[in-house]
Amino acid sequence: MPELPEVETTRRGIEPHLVGHRVTRLAVHEPRLRWPIPEAVRSLENATVASVTRRAKYLLVTVPAGSALFHLGMSGSLRLCTDGAARRKHDHVEMTLSSGGILRFHDPRRFGCLLWQPTGDGVHPLLARLGPEPLSDEFDGEILFRAARGRRIAIKTLIMNAAVVVGVGNIYASEALFAAGVRPGRAAARVTRAESGRIAQAIKTVLARSIEMGGTTLRDFVDSDGEPGYFAQSLAVYGRAGEPCGVCASPVRQRVLAQRSTFWCPTCQR
DNA sequence: CTAAATACCTGATGGC
DNA sequence: TGCCATCAGGTATTTA
């Protein structure tokens, strides 16, 4: 399940292999992703990649005519194959580059997407209503506190809302709230300004640390399977129901909030 | 406007 | 060994 750190690590990994290189061939083997892959992505062919950027969990591969917009969904991965390995099952799209490498979009569950945004056509609708990037200065405790005014939903549900802040997935939501000492089920409106500050800071710290780890753990995803599994050893509460909290040894608790498994320490979090 | 539920999909896992 | 049921999960969309 690619969360923001995995998406950013993927971006950093593929960027040097794409920018400045020409797409010599685009092969769409399975257009039925979350939305059908539009014909317009053919504009990539014979174009030279200008940049590879990220917005929330979307990756944008930009050429002069526009941007290919990838989302990895829950099971997607982008890996660069330079070793001539054969296409595997669920490799839905292949971008062959002038360097000889092939960028392969692999997504067994097909929750991902590949869309097209023409140059000069404004911001894609999927990106238009997104909140600030969690690692930017634009996102802080104050903006979180204000977003929480009058909201009865759980604070965890609020920080997972992309209109409030992007890139906080189910795993890191629990992790950040543990780091901030706030219980995930607390009503958003009952979180204080000071706690909002700690939560915002925790989101930044947890994500940044994970990106750093991705830099080492995922470094060689080129020619590898690109699916490193999770850094489970670094998760404090996620997936650890019943296990002793690493700080106070209380058993970690689990419940479902807004259809999502949620984990917390009843002692360290209030 | 908010909040909750739903849909999309396949692989892994557990029970029998 | 096989088969069925359950679960996981990002997020746009639908419903209340």
# chains A, B, ... in the order shown; residues from 1 in each chain; ligands from 1
>>> interface_residues(of="chain C", to="chain A", cutoff="9 Å", atoms="only C-alpha atoms (C1' of nucleotides)", output="ChimeraX atom specification")
/C:9-12
>>> write_last_selection(atoms="all heavy atoms", output="mmCIF file, in the first residue's frame")
data_model
loop_
_atom_site.group_PDB
_atom_site.id
_atom_site.type_symbol
_atom_site.label_atom_id
_atom_site.label_comp_id
_atom_site.auth_asym_id
_atom_site.auth_seq_id
_atom_site.Cartn_x
_atom_site.Cartn_y
_atom_site.Cartn_z
ATOM 1 P P DG C 9 -5.265 -1.677 6.350
ATOM 2 O OP1 DG C 9 -3.943 -1.427 6.944
ATOM 3 O OP2 DG C 9 -6.507 -1.500 7.124
ATOM 4 O "O5'" DG C 9 -5.407 -0.803 5.034
ATOM 5 C "C5'" DG C 9 -4.365 -0.818 4.066
ATOM 6 C "C4'" DG C 9 -4.912 -0.232 2.796
ATOM 7 O "O4'" DG C 9 -5.912 -1.111 2.268
ATOM 8 C "C3'" DG C 9 -5.614 1.135 3.025
ATOM 9 O "O3'" DG C 9 -5.087 2.091 2.117
ATOM 10 C "C2'" DG C 9 -7.068 0.850 2.721
ATOM 11 C "C1'" DG C 9 -6.946 -0.312 1.761
ATOM 12 N N9 DG C 9 -8.176 -1.082 1.573
ATOM 13 C C8 DG C 9 -9.294 -1.056 2.348
ATOM 14 N N7 DG C 9 -10.267 -1.781 1.887
ATOM 15 C C5 DG C 9 -9.765 -2.339 0.732
ATOM 16 C C6 DG C 9 -10.348 -3.209 -0.216
ATOM 17 O O6 DG C 9 -11.481 -3.673 -0.215
ATOM 18 N N1 DG C 9 -9.481 -3.541 -1.243
ATOM 19 C C2 DG C 9 -8.202 -3.091 -1.348
ATOM 20 N N2 DG C 9 -7.491 -3.506 -2.395
ATOM 21 N N3 DG C 9 -7.616 -2.261 -0.470
ATOM 22 C C4 DG C 9 -8.464 -1.929 0.530
ATOM 23 P P DG C 10 -4.761 3.532 2.671
ATOM 24 O OP1 DG C 10 -3.324 3.560 2.951
ATOM 25 O OP2 DG C 10 -5.726 3.966 3.694
ATOM 26 O "O5'" DG C 10 -5.042 4.368 1.353
ATOM 27 C "C5'" DG C 10 -4.145 4.237 0.247
ATOM 28 C "C4'" DG C 10 -4.612 5.111 -0.881
ATOM 29 O "O4'" DG C 10 -5.778 4.516 -1.508
ATOM 30 C "C3'" DG C 10 -5.046 6.508 -0.485
ATOM 31 O "O3'" DG C 10 -4.742 7.345 -1.599
ATOM 32 C "C2'" DG C 10 -6.536 6.385 -0.250
ATOM 33 C "C1'" DG C 10 -6.933 5.294 -1.250
ATOM 34 N N9 DG C 10 -7.934 4.346 -0.754
ATOM 35 C C8 DG C 10 -8.030 3.813 0.495
ATOM 36 N N7 DG C 10 -8.986 2.926 0.602
ATOM 37 C C5 DG C 10 -9.547 2.870 -0.665
ATOM 38 C C6 DG C 10 -10.614 2.091 -1.175
ATOM 39 O O6 DG C 10 -11.293 1.259 -0.582
ATOM 40 N N1 DG C 10 -10.862 2.351 -2.512
ATOM 41 C C2 DG C 10 -10.159 3.247 -3.262
ATOM 42 N N2 DG C 10 -10.517 3.359 -4.532
ATOM 43 N N3 DG C 10 -9.148 3.976 -2.821
ATOM 44 C C4 DG C 10 -8.909 3.746 -1.508
ATOM 45 P P DT C 11 -5.047 8.872 -1.559
ATOM 46 O OP1 DT C 11 -4.164 9.459 -2.573
ATOM 47 O OP2 DT C 11 -5.029 9.339 -0.160
ATOM 48 O "O5'" DT C 11 -6.556 8.967 -2.080
ATOM 49 C "C5'" DT C 11 -6.820 8.718 -3.440
ATOM 50 C "C4'" DT C 11 -8.296 8.770 -3.669
ATOM 51 O "O4'" DT C 11 -8.944 7.657 -3.033
ATOM 52 C "C3'" DT C 11 -8.992 10.020 -3.090
ATOM 53 O "O3'" DT C 11 -9.902 10.471 -4.061
ATOM 54 C "C2'" DT C 11 -9.775 9.468 -1.920
ATOM 55 C "C1'" DT C 11 -10.159 8.125 -2.532
ATOM 56 N N1 DT C 11 -10.721 7.143 -1.600
ATOM 57 C C2 DT C 11 -11.651 6.263 -2.113
ATOM 58 O O2 DT C 11 -12.015 6.283 -3.268
ATOM 59 N N3 DT C 11 -12.156 5.368 -1.208
ATOM 60 C C4 DT C 11 -11.833 5.261 0.131
ATOM 61 O O4 DT C 11 -12.349 4.413 0.838
ATOM 62 C C5 DT C 11 -10.842 6.208 0.595
ATOM 63 C C7 DT C 11 -10.419 6.168 2.011
ATOM 64 C C6 DT C 11 -10.339 7.094 -0.287
ATOM 65 P P DA C 12 -9.876 11.890 -4.648
ATOM 66 O OP1 DA C 12 -8.561 12.088 -5.262
ATOM 67 O OP2 DA C 12 -10.373 12.839 -3.651
ATOM 68 O "O5'" DA C 12 -10.956 11.750 -5.805
ATOM 69 C "C5'" DA C 12 -10.813 10.719 -6.767
ATOM 70 C "C4'" DA C 12 -12.180 10.180 -7.142
ATOM 71 O "O4'" DA C 12 -12.648 9.258 -6.132
ATOM 72 C "C3'" DA C 12 -13.258 11.239 -7.297
ATOM 73 O "O3'" DA C 12 -14.039 10.889 -8.426
ATOM 74 C "C2'" DA C 12 -14.058 11.137 -5.997
ATOM 75 C "C1'" DA C 12 -13.922 9.654 -5.661
ATOM 76 N N9 DA C 12 -13.946 9.359 -4.226
ATOM 77 C C8 DA C 12 -13.242 9.975 -3.233
ATOM 78 N N7 DA C 12 -13.442 9.457 -2.045
ATOM 79 C C5 DA C 12 -14.339 8.436 -2.278
ATOM 80 C C6 DA C 12 -14.954 7.497 -1.421
ATOM 81 N N6 DA C 12 -14.755 7.438 -0.115
ATOM 82 N N1 DA C 12 -15.808 6.603 -1.979
ATOM 83 C C2 DA C 12 -16.007 6.650 -3.301
ATOM 84 N N3 DA C 12 -15.494 7.480 -4.199
ATOM 85 C C4 DA C 12 -14.659 8.355 -3.615
#
>>> interface_residues(of="chain B", to="chain A", cutoff="9 Å", atoms="only C-alpha atoms (C1' of nucleotides)", output="JSON, numbers by chain")
{"B": [2, 3, 4, 8, 9, 10, 11]}
>>> write_last_selection(atoms="N, CA and C atoms (P, O5', C5', C4', C3', O3' and C1' of nucleotides)", output="PDB file, in the first residue's frame")
ATOM      1  P    DT B   2     -18.010  21.286   5.680  1.00  0.00           P
ATOM      2  O5'  DT B   2     -18.830  20.239   6.559  1.00  0.00           O
ATOM      3  C5'  DT B   2     -19.348  20.627   7.826  1.00  0.00           C
ATOM      4  C4'  DT B   2     -20.044  19.435   8.429  1.00  0.00           C
ATOM      5  C3'  DT B   2     -19.127  18.220   8.596  1.00  0.00           C
ATOM      6  O3'  DT B   2     -19.273  17.710   9.909  1.00  0.00           O
ATOM      7  C1'  DT B   2     -21.058  17.633   7.317  1.00  0.00           C
ATOM      8  P    DA B   3     -18.306  16.587  10.412  1.00  0.00           P
ATOM      9  O5'  DA B   3     -19.079  15.274   9.973  1.00  0.00           O
ATOM     10  C5'  DA B   3     -20.361  15.015  10.513  1.00  0.00           C
ATOM     11  C4'  DA B   3     -20.871  13.704   9.967  1.00  0.00           C
ATOM     12  C3'  DA B   3     -19.865  12.564  10.029  1.00  0.00           C
ATOM     13  O3'  DA B   3     -20.513  11.498  10.687  1.00  0.00           O
ATOM     14  C1'  DA B   3     -20.813  12.718   7.862  1.00  0.00           C
ATOM     15  P    DA B   4     -19.728  10.206  11.144  1.00  0.00           P
ATOM     16  O5'  DA B   4     -20.340   9.110  10.171  1.00  0.00           O
ATOM     17  C5'  DA B   4     -21.751   9.007  10.046  1.00  0.00           C
ATOM     18  C4'  DA B   4     -22.067   8.191   8.829  1.00  0.00           C
ATOM     19  C3'  DA B   4     -21.257   6.897   8.722  1.00  0.00           C
ATOM     20  O3'  DA B   4     -22.177   5.833   8.580  1.00  0.00           O
ATOM     21  C1'  DA B   4     -21.208   8.088   6.677  1.00  0.00           C
ATOM     22  P    DC B   8     -18.761  -1.450  -8.505  1.00  0.00           P
ATOM     23  O5'  DC B   8     -17.178  -1.454  -8.709  1.00  0.00           O
ATOM     24  C5'  DC B   8     -16.560  -0.387  -9.421  1.00  0.00           C
ATOM     25  C4'  DC B   8     -15.108  -0.329  -9.044  1.00  0.00           C
ATOM     26  C3'  DC B   8     -14.400  -1.693  -9.059  1.00  0.00           C
ATOM     27  O3'  DC B   8     -13.769  -1.871 -10.317  1.00  0.00           O
ATOM     28  C1'  DC B   8     -13.687  -0.267  -7.272  1.00  0.00           C
ATOM     29  P    DC B   9     -13.839  -3.338 -10.955  1.00  0.00           P
ATOM     30  O5'  DC B   9     -12.682  -4.073 -10.149  1.00  0.00           O
ATOM     31  C5'  DC B   9     -11.335  -3.668 -10.339  1.00  0.00           C
ATOM     32  C4'  DC B   9     -10.457  -4.457  -9.405  1.00  0.00           C
ATOM     33  C3'  DC B   9     -10.709  -5.961  -9.441  1.00  0.00           C
ATOM     34  O3'  DC B   9      -9.795  -6.508 -10.384  1.00  0.00           O
ATOM     35  C1'  DC B   9     -10.268  -5.137  -7.229  1.00  0.00           C
ATOM     36  P    DT B  10      -9.811  -8.076 -10.668  1.00  0.00           P
ATOM     37  O5'  DT B  10      -8.706  -8.600  -9.640  1.00  0.00           O
ATOM     38  C5'  DT B  10      -7.391  -8.087  -9.717  1.00  0.00           C
ATOM     39  C4'  DT B  10      -6.627  -8.535  -8.496  1.00  0.00           C
ATOM     40  C3'  DT B  10      -6.477 -10.053  -8.378  1.00  0.00           C
ATOM     41  O3'  DT B  10      -5.103 -10.277  -8.185  1.00  0.00           O
ATOM     42  C1'  DT B  10      -7.256  -9.121  -6.347  1.00  0.00           C
ATOM     43  P    DG B  11      -4.473 -11.728  -8.278  1.00  0.00           P
ATOM     44  O5'  DG B  11      -3.774 -11.785  -6.861  1.00  0.00           O
ATOM     45  C5'  DG B  11      -2.952 -10.688  -6.451  1.00  0.00           C
ATOM     46  C4'  DG B  11      -2.644 -10.832  -4.987  1.00  0.00           C
ATOM     47  C3'  DG B  11      -2.226 -12.238  -4.579  1.00  0.00           C
ATOM     48  O3'  DG B  11      -1.185 -12.105  -3.639  1.00  0.00           O
ATOM     49  C1'  DG B  11      -4.146 -11.607  -3.357  1.00  0.00           C
TER      50       DG B  11
END
>>> select_by_dssp(residues="range 39-208 of chain A", states="strand (DSSP E)", output="number ranges by chain")
A: 51-55, 58-63, 66-71, 77-81, 91-97, 102-106, 113-118
>>> select_by_dssp(residues="range 57-173 of chain A", states="helix (DSSP H, G or I)", output="list in words")
Pro125, Leu126, Leu127, Ala128, Gly141, Glu142, Ile143, Leu144, Phe145, Arg146, Ala147, Ala148, Ile155, Lys156, Thr157, Leu158, Ile159, Asn170, Ile171, Tyr172 and Ala173 of chain A
>>> write_last_selection(atoms="N, CA and C atoms", output="PDB file, in the first residue's frame")
ATOM      1  N   PRO A 125      -8.810  18.078 -12.304  1.00  0.00           N
ATOM      2  CA  PRO A 125      -9.856  18.051 -11.276  1.00  0.00           C
ATOM      3  C   PRO A 125      -9.466  17.235 -10.042  1.00  0.00           C
ATOM      4  N   LEU A 126      -8.709  16.171 -10.266  1.00  0.00           N
ATOM      5  CA  LEU A 126      -8.320  15.334  -9.118  1.00  0.00           C
ATOM      6  C   LEU A 126      -7.362  16.057  -8.182  1.00  0.00           C
ATOM      7  N   LEU A 127      -6.662  17.048  -8.714  1.00  0.00           N
ATOM      8  CA  LEU A 127      -5.680  17.765  -7.901  1.00  0.00           C
ATOM      9  C   LEU A 127      -6.215  19.095  -7.402  1.00  0.00           C
ATOM     10  N   ALA A 128      -7.367  19.499  -7.927  1.00  0.00           N
ATOM     11  CA  ALA A 128      -7.840  20.860  -7.697  1.00  0.00           C
ATOM     12  C   ALA A 128      -8.231  21.142  -6.248  1.00  0.00           C
ATOM     13  N   GLY A 141       0.203  23.396  12.714  1.00  0.00           N
ATOM     14  CA  GLY A 141      -0.809  23.117  13.727  1.00  0.00           C
ATOM     15  C   GLY A 141      -1.983  24.060  13.643  1.00  0.00           C
ATOM     16  N   GLU A 142      -1.709  25.275  13.260  1.00  0.00           N
ATOM     17  CA  GLU A 142      -2.761  26.280  13.204  1.00  0.00           C
ATOM     18  C   GLU A 142      -3.782  25.953  12.121  1.00  0.00           C
ATOM     19  N   ILE A 143      -3.281  25.532  10.970  1.00  0.00           N
ATOM     20  CA  ILE A 143      -4.200  25.228   9.872  1.00  0.00           C
ATOM     21  C   ILE A 143      -5.017  23.978  10.211  1.00  0.00           C
ATOM     22  N   LEU A 144      -4.386  23.045  10.925  1.00  0.00           N
ATOM     23  CA  LEU A 144      -5.088  21.838  11.353  1.00  0.00           C
ATOM     24  C   LEU A 144      -6.155  22.192  12.391  1.00  0.00           C
ATOM     25  N   PHE A 145      -5.775  23.046  13.321  1.00  0.00           N
ATOM     26  CA  PHE A 145      -6.708  23.465  14.367  1.00  0.00           C
ATOM     27  C   PHE A 145      -7.935  24.133  13.752  1.00  0.00           C
ATOM     28  N   ARG A 146      -7.683  24.981  12.780  1.00  0.00           N
ATOM     29  CA  ARG A 146      -8.803  25.678  12.137  1.00  0.00           C
ATOM     30  C   ARG A 146      -9.687  24.714  11.356  1.00  0.00           C
ATOM     31  N   ALA A 147      -9.058  23.746  10.709  1.00  0.00           N
ATOM     32  CA  ALA A 147      -9.846  22.768   9.937  1.00  0.00           C
ATOM     33  C   ALA A 147     -10.729  21.927  10.852  1.00  0.00           C
ATOM     34  N   ALA A 148     -10.331  21.837  12.118  1.00  0.00           N
ATOM     35  CA  ALA A 148     -11.063  20.980  13.061  1.00  0.00           C
ATOM     36  C   ALA A 148     -12.257  21.682  13.697  1.00  0.00           C
ATOM     37  N   ILE A 155     -10.421  12.713  15.087  1.00  0.00           N
ATOM     38  CA  ILE A 155      -9.237  13.436  14.621  1.00  0.00           C
ATOM     39  C   ILE A 155      -8.469  12.619  13.585  1.00  0.00           C
ATOM     40  N   LYS A 156      -8.471  11.305  13.756  1.00  0.00           N
ATOM     41  CA  LYS A 156      -7.758  10.472  12.774  1.00  0.00           C
ATOM     42  C   LYS A 156      -8.414  10.593  11.400  1.00  0.00           C
ATOM     43  N   THR A 157      -9.734  10.581  11.398  1.00  0.00           N
ATOM     44  CA  THR A 157     -10.445  10.701  10.126  1.00  0.00           C
ATOM     45  C   THR A 157     -10.155  12.061   9.495  1.00  0.00           C
ATOM     46  N   LEU A 158     -10.049  13.083  10.332  1.00  0.00           N
ATOM     47  CA  LEU A 158      -9.784  14.427   9.800  1.00  0.00           C
ATOM     48  C   LEU A 158      -8.400  14.514   9.138  1.00  0.00           C
ATOM     49  N   ILE A 159      -7.387  13.961   9.795  1.00  0.00           N
ATOM     50  CA  ILE A 159      -6.048  14.102   9.198  1.00  0.00           C
ATOM     51  C   ILE A 159      -5.867  13.201   7.979  1.00  0.00           C
ATOM     52  N   ASN A 170      -3.661   5.488   6.159  1.00  0.00           N
ATOM     53  CA  ASN A 170      -4.133   4.819   7.368  1.00  0.00           C
ATOM     54  C   ASN A 170      -3.013   4.458   8.333  1.00  0.00           C
ATOM     55  N   ILE A 171      -1.905   4.008   7.813  1.00  0.00           N
ATOM     56  CA  ILE A 171      -0.798   3.587   8.684  1.00  0.00           C
ATOM     57  C   ILE A 171      -0.208   4.793   9.410  1.00  0.00           C
ATOM     58  N   TYR A 172       0.125   5.828   8.652  1.00  0.00           N
ATOM     59  CA  TYR A 172       0.801   6.970   9.261  1.00  0.00           C
ATOM     60  C   TYR A 172      -0.132   7.820  10.117  1.00  0.00           C
ATOM     61  N   ALA A 173      -1.423   7.712   9.882  1.00  0.00           N
ATOM     62  CA  ALA A 173      -2.360   8.440  10.743  1.00  0.00           C
ATOM     63  C   ALA A 173      -2.266   7.897  12.169  1.00  0.00           C
TER      64      ALA A 173
END
>>> residues_around(residues="Gln269 in chain A", least_positions_apart="5", cutoff="10 Å", atoms="only C-alpha atoms (C1' of nucleotides)", output="ChimeraX atom specification")
/A:177-184,264
>>> write_last_selection(atoms="N, CA and C atoms", output="short mmCIF file (atom, residue, chain, number, x, y, z; two decimals), in the first residue's frame")
data_model
loop_
_atom_site.label_atom_id
_atom_site.label_comp_id
_atom_site.auth_asym_id
_atom_site.auth_seq_id
_atom_site.Cartn_x
_atom_site.Cartn_y
_atom_site.Cartn_z
N LEU A 177 -0.49 10.01 15.41
CA LEU A 177 -1.26 10.31 16.62
C LEU A 177 -0.62 9.67 17.85
N PHE A 178 0.02 8.55 17.67
CA PHE A 178 0.77 7.96 18.78
C PHE A 178 1.92 8.90 19.17
N ALA A 179 2.63 9.36 18.17
CA ALA A 179 3.77 10.25 18.44
C ALA A 179 3.31 11.55 19.10
N ALA A 180 2.08 11.98 18.79
CA ALA A 180 1.58 13.23 19.35
C ALA A 180 0.87 13.02 20.69
N GLY A 181 0.61 11.77 21.05
CA GLY A 181 -0.03 11.48 22.34
C GLY A 181 -1.52 11.76 22.36
N VAL A 182 -2.15 11.72 21.19
CA VAL A 182 -3.59 12.00 21.11
C VAL A 182 -4.33 10.76 20.61
N ARG A 183 -5.41 10.40 21.28
CA ARG A 183 -6.16 9.22 20.86
C ARG A 183 -6.87 9.48 19.53
N PRO A 184 -6.82 8.49 18.65
CA PRO A 184 -7.38 8.68 17.31
C PRO A 184 -8.88 8.91 17.29
N TRP A 264 -3.82 2.32 18.83
CA TRP A 264 -3.31 3.34 19.73
C TRP A 264 -2.94 2.72 21.07
#
>>> atom_distance(atom1="CA of Val49 in chain A", atom2="CA of Pro134 in chain A")
26.7 Å
>>> atom_distance(atom1="CA of Thr10 in chain A", atom2="CA of Val52 in chain A")
10.2 Å
>>> atom_distance(atom1="CA of Asn46 in chain A", atom2="CA of Arg79 in chain A")
20.2 Å
>>> residues_around(residues="Pro31 in chain A", least_positions_apart="2", cutoff="10 Å", atoms="only C-alpha atoms (C1' of nucleotides)", output="list in words")
Val28, His29, Leu33, Arg34, Trp35, Pro36, Ile37, Pro38, Glu39, His92, Val93, Arg110, Cys113 and Leu114 of chain A
>>> write_last_selection(atoms="all heavy atoms", output="CSV table (one decimal), in the first residue's frame")
chain,number,residue,atom,x,y,z
A,28,VAL,N,0.0,0.0,-23.7
A,28,VAL,CA,-1.1,-0.2,-22.7
A,28,VAL,C,-1.7,-1.6,-22.8
A,28,VAL,O,-2.3,-1.9,-23.8
A,28,VAL,CB,-2.2,0.9,-22.9
A,28,VAL,CG1,-3.3,0.7,-21.9
A,28,VAL,CG2,-1.6,2.3,-22.7
A,29,HIS,N,-1.4,-2.4,-21.9
A,29,HIS,CA,-1.8,-3.8,-22.0
A,29,HIS,C,-3.2,-4.0,-21.3
A,29,HIS,O,-3.9,-4.9,-21.7
A,29,HIS,CB,-0.8,-4.7,-21.3
A,29,HIS,CG,0.6,-4.6,-21.9
A,29,HIS,ND1,0.9,-5.1,-23.1
A,29,HIS,CD2,1.7,-4.0,-21.4
A,29,HIS,CE1,2.2,-4.9,-23.4
A,29,HIS,NE2,2.7,-4.2,-22.4
A,33,LEU,N,-8.2,0.4,-15.4
A,33,LEU,CA,-7.7,0.7,-14.0
A,33,LEU,C,-9.0,1.3,-13.3
A,33,LEU,O,-10.1,1.1,-13.7
A,33,LEU,CB,-6.5,1.7,-14.0
A,33,LEU,CG,-5.3,1.1,-14.8
A,33,LEU,CD1,-4.2,2.1,-14.7
A,33,LEU,CD2,-4.9,-0.3,-14.3
A,34,ARG,N,-8.7,2.1,-12.3
A,34,ARG,CA,-9.8,2.7,-11.6
A,34,ARG,C,-10.7,3.5,-12.5
A,34,ARG,O,-11.9,3.4,-12.4
A,34,ARG,CB,-9.3,3.6,-10.5
A,34,ARG,CG,-10.5,4.3,-9.8
A,34,ARG,CD,-10.1,4.9,-8.5
A,34,ARG,NE,-11.4,5.3,-7.9
A,34,ARG,CZ,-11.5,5.9,-6.7
A,34,ARG,NH1,-10.4,6.2,-6.1
A,34,ARG,NH2,-12.6,6.2,-6.2
A,35,TRP,N,-10.1,4.2,-13.4
A,35,TRP,CA,-10.8,4.8,-14.6
A,35,TRP,C,-10.0,4.3,-15.8
A,35,TRP,O,-8.8,4.0,-15.7
A,35,TRP,CB,-10.7,6.3,-14.5
A,35,TRP,CG,-11.4,6.9,-13.4
A,35,TRP,CD1,-12.8,7.0,-13.2
A,35,TRP,CD2,-10.8,7.5,-12.2
A,35,TRP,NE1,-13.1,7.6,-12.0
A,35,TRP,CE2,-11.9,7.9,-11.3
A,35,TRP,CE3,-9.5,7.6,-11.8
A,35,TRP,CZ2,-11.6,8.5,-10.1
A,35,TRP,CZ3,-9.3,8.2,-10.5
A,35,TRP,CH2,-10.3,8.6,-9.7
A,36,PRO,N,-10.7,4.2,-16.9
A,36,PRO,CA,-10.0,3.7,-18.1
A,36,PRO,C,-8.9,4.7,-18.5
A,36,PRO,O,-9.0,5.9,-18.3
A,36,PRO,CB,-11.1,3.8,-19.2
A,36,PRO,CG,-12.4,3.8,-18.5
A,36,PRO,CD,-12.1,4.5,-17.2
A,37,ILE,N,-7.8,4.1,-18.9
A,37,ILE,CA,-6.6,4.9,-19.4
A,37,ILE,C,-7.1,5.6,-20.7
A,37,ILE,O,-7.4,5.0,-21.6
A,37,ILE,CB,-5.4,4.1,-19.6
A,37,ILE,CG1,-5.0,3.4,-18.3
A,37,ILE,CG2,-4.3,4.9,-20.2
A,37,ILE,CD1,-3.8,2.4,-18.4
A,38,PRO,N,-7.0,7.0,-20.7
A,38,PRO,CA,-7.4,7.7,-21.9
A,38,PRO,C,-6.5,7.6,-23.0
A,38,PRO,O,-5.3,7.4,-22.8
A,38,PRO,CB,-7.5,9.2,-21.4
A,38,PRO,CG,-6.5,9.2,-20.3
A,38,PRO,CD,-6.6,7.9,-19.6
A,39,GLU,N,-7.0,7.6,-24.2
A,39,GLU,CA,-6.2,7.6,-25.4
A,39,GLU,C,-5.1,8.6,-25.4
A,39,GLU,O,-4.0,8.5,-26.0
A,39,GLU,CB,-7.1,7.7,-26.7
A,39,GLU,CG,-7.6,6.4,-27.2
A,39,GLU,CD,-6.6,5.4,-27.6
A,39,GLU,OE1,-5.6,5.9,-28.3
A,39,GLU,OE2,-6.7,4.3,-27.2
A,92,HIS,N,0.5,-3.4,-16.3
A,92,HIS,CA,-0.5,-2.9,-17.2
A,92,HIS,C,0.0,-1.9,-18.3
A,92,HIS,O,-0.6,-1.8,-19.3
A,92,HIS,CB,-1.6,-2.2,-16.4
A,92,HIS,CG,-2.2,-3.2,-15.4
A,92,HIS,ND1,-2.6,-4.5,-15.6
A,92,HIS,CD2,-2.5,-3.0,-14.0
A,92,HIS,CE1,-3.0,-5.0,-14.5
A,92,HIS,NE2,-3.0,-4.1,-13.5
A,93,VAL,N,1.0,-1.2,-17.9
A,93,VAL,CA,1.5,-0.2,-18.9
A,93,VAL,C,3.0,-0.2,-18.9
A,93,VAL,O,3.7,-0.4,-17.9
A,93,VAL,CB,1.1,1.3,-18.4
A,93,VAL,CG1,1.7,2.3,-19.4
A,93,VAL,CG2,-0.4,1.4,-18.3
A,110,ARG,N,-5.6,-3.0,-9.4
A,110,ARG,CA,-6.2,-2.0,-10.3
A,110,ARG,C,-7.0,-0.9,-9.6
A,110,ARG,O,-8.0,-0.4,-10.1
A,110,ARG,CB,-7.0,-2.7,-11.4
A,110,ARG,CG,-6.1,-3.5,-12.3
A,110,ARG,CD,-6.8,-3.9,-13.6
A,110,ARG,NE,-7.5,-5.1,-13.5
A,110,ARG,CZ,-8.9,-5.2,-13.8
A,110,ARG,NH1,-9.5,-4.1,-14.1
A,110,ARG,NH2,-9.5,-6.3,-13.6
A,113,CYS,N,-4.5,4.5,-11.1
A,113,CYS,CA,-5.0,5.1,-12.4
A,113,CYS,C,-3.8,5.7,-13.1
A,113,CYS,O,-2.7,6.0,-12.6
A,113,CYS,CB,-6.0,6.2,-12.1
A,113,CYS,SG,-5.4,7.6,-11.2
A,114,LEU,N,-4.1,6.0,-14.4
A,114,LEU,CA,-3.2,6.7,-15.3
A,114,LEU,C,-4.0,7.6,-16.1
A,114,LEU,O,-4.8,7.2,-16.9
A,114,LEU,CB,-2.3,5.8,-16.2
A,114,LEU,CG,-1.6,6.4,-17.3
A,114,LEU,CD1,-0.7,7.6,-16.8
A,114,LEU,CD2,-0.7,5.4,-18.1
